[in-house]
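Heads up: the structure comes next, in structure tokens.
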Amino acid sequence: MPTRRLHLVSADEDHRVSTIELFFDLVFVYAITQTTQLMADHLSPLGVGQGLAMLAVLWWCWCSYAWLGTTIHVDHGIARLAMFGAMAVMFLVSLTIPEAFVDHPGGLFAPVLFVVCYAVVRLLHLVAYLGAARHDAGLKRVLLRMFVGLLPSVVLLGVATTLSGPWQLGLWVVALLVDYLNVYLTGPDGWRLNSPAHFAERFGLIVIIALGESIVAIGIGIGALPMSWPVTGAAVCGLALAAGMWWTYFDVVARVSEHRLTRATGRERAKLATDSYTFLHLPLIAGIVLVALGLKKALLYVADTEHHAPGEALHGVPIWTLTGGLALYLIALSSLRKRNLGSWNHQRLVLAVLLVAVTPLLAHVPAAVLVLIVAAVVLGLIAFERLQFADWRKQVHADHS
């Protein structure tokens with residue numbers, strides 16, 4: 001019986017998210033928080049670039065285990081131990097994020113520790129997946145191809161620990177491209193997706209985790225500073241923005257994506273899962289994390305009256321993370337529509353362009369007003385779409401309920 005638990009879960013359309021997967025996601029909650037803090041501590045284009053590269057590394061780890069969890073029951077047998085082992089090492093990865101690019105004096109050399117722990121997390125995933133694929137030649141073949149791309153990527157990240165600044169970040173980007181392109185160019189052949197509902201639910205949960213980070217960022221931005229009416233208003237607007245972002249994804253996009261995935265079969269299903277979820281959800285999550293960083297700084301400007309003048313405007317990198325992050329999020333949502341329905345969501349693309357275009361003007365309004373404007377823009381988009389596409393939305397809800 002224990003050995004059977006490592007087998008592929010064949011034709012298990014009813015497989016749902018297990019509690020150990022939710023427990024596993026708690027490590028990523030912390031990792032995303034650490035990544036946001038990494039960018040907050042280095043508020044420059046280089047610092048934001050480092051944060052996004054870090055997010056891409058974390059995303060690849062999380063996606064790997066999301067695919068594993070939809071192939072085998074990770075809460076049974078030895079797979080459960082593999083998940084706990086991966087959690088332990090992933091927690092070490094999270095702890096080393098603040099020093100992944102620049103080591104702090106004393107203790108272990110964190111950049112090397114980060115790379116080693118990252119490699120172990122990926123290798124544990126491959127070992128568990130290969131165990132599940134021992135009777136599936138096609139899956140085993142594609143996993144070995146993924147290993148071929150992992151090796152040079154880890155080596156490049158190791159070499160990057162000897163560099164600093166833009167050169168270091170550049171090598172990180174190359175390492176990530178090697179790994180990502182290897183999987184993309186390998187194609188969908190060989191991958192198995194037995195439970196599309198489970199798979200879509202896993203990605204929906206990680207979106208909620210990222211949105212939760214934007215709410216946490218509001219609290220961190222306020223910190224132990226005294227409450228005031230401007231702080232109260234800005235906090236409510238920040239929460240409204242997060243709620244609006246939730247709505248723009250879960251009200252229709254998540255439903256349509258899951259429905260398309262469920263209707264597809266075989267190679268088409270694997271291709272759709274790779275495109276819509278593995279790749280297109282990365283800019284979606286990146287946009288949310290950038291918005292969280294912008295909200296954190298905006299609330300700090302509003303609450304910290306000792307270091308910031310009343311009505312001071314958010315400027316520089318922080319305002320671009322807020323507006324640019326939201327624009328990236330809207331573009332990713334429109335791209336998901338294009339992939340699943342074959343047409344762009346034009347109003348979201350237009351709004352994304354407008355947000356970026358008016359950012360220099362928004363840099364002259366008080367931080368609290370900026371948060372109000374951005375939240376109002378998203379809520380206005382939702383109201384427009386509810387009126388303009390009311391019948392289609394009702395049909396989507398009826399078909400996917």
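A note on labels: chains of the structure tokens are A, B, ... as shown, every chain counts residues from 1, and ligands are counted from 1 in their shown order.
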Report task. For Asn345 in chain A, work out the shell of residues within 10 Å, counting only C-alpha atoms and skipping chain neighbours fewer than 5 positions away, then give it as a VMD selection string. Result -> chain A and resid 330 to 331 333 to 338 350
Requested in this report: Tell me, as a PyMOL selection string, which residues lie within 9 Å of Leu261 in chain A, counting only C-alpha atoms; anything in the same chain fewer than 3 positions away does not count.
Outcome: chain A and resi 196-197+200+256-258+264-265+268-270+272-273+340
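Nearest to Thr19 in chain A of all the residues A:Pro166, A:Pro283, A:Gly380, A:Gly69 is A:Gly69, based on only C-alpha atoms.
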Query raised in the report: Can you list, as a PyMOL selection string, every protein, DNA or RNA residue that comes within 10 Å of Leu171 in chain A when you count only C-alpha atoms, leaving out same-chain residues fewer than 3 positions away?
Result: chain A and resi 153+156-161+163-164+166-168+174-177
Keeping C-alpha atoms for every residue in the selection just given, could you write it to a file as a PDB file, in the first residue's frame?
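Writing the result to out.pdb gives the following:
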```
ATOM      1  CA  SER A 153      20.876  27.608 -13.854  1.00  0.00           C
ATOM      2  CA  LEU A 156      25.097  30.476 -12.871  1.00  0.00           C
ATOM      3  CA  LEU A 157      23.440  31.474  -9.596  1.00  0.00           C
ATOM      4  CA  GLY A 158      26.498  30.116  -7.794  1.00  0.00           C
ATOM      5  CA  VAL A 159      28.811  32.212  -9.954  1.00  0.00           C
ATOM      6  CA  ALA A 160      26.598  35.253  -9.283  1.00  0.00           C
ATOM      7  CA  THR A 161      27.490  35.028  -5.580  1.00  0.00           C
ATOM      8  CA  LEU A 163      29.601  39.388  -8.220  1.00  0.00           C
ATOM      9  CA  SER A 164      27.693  42.469  -7.104  1.00  0.00           C
ATOM     10  CA  PRO A 166      24.036  45.086 -12.001  1.00  0.00           C
ATOM     11  CA  TRP A 167      26.417  42.320 -13.084  1.00  0.00           C
ATOM     12  CA  GLN A 168      25.105  40.060 -10.332  1.00  0.00           C
ATOM     13  CA  VAL A 174      20.414  34.707 -17.419  1.00  0.00           C
ATOM     14  CA  ALA A 175      20.158  31.818 -14.941  1.00  0.00           C
ATOM     15  CA  LEU A 176      16.392  32.217 -14.739  1.00  0.00           C
ATOM     16  CA  LEU A 177      16.023  32.459 -18.518  1.00  0.00           C
TER      17      LEU A 177
END
```
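Comparing the minimum interatomic distances between Trp229 in chain A and each of A:Ala368, A:Leu181, A:His76, A:Leu143, counting only C-alpha atoms, we find that A:Ala368 sits nearest.
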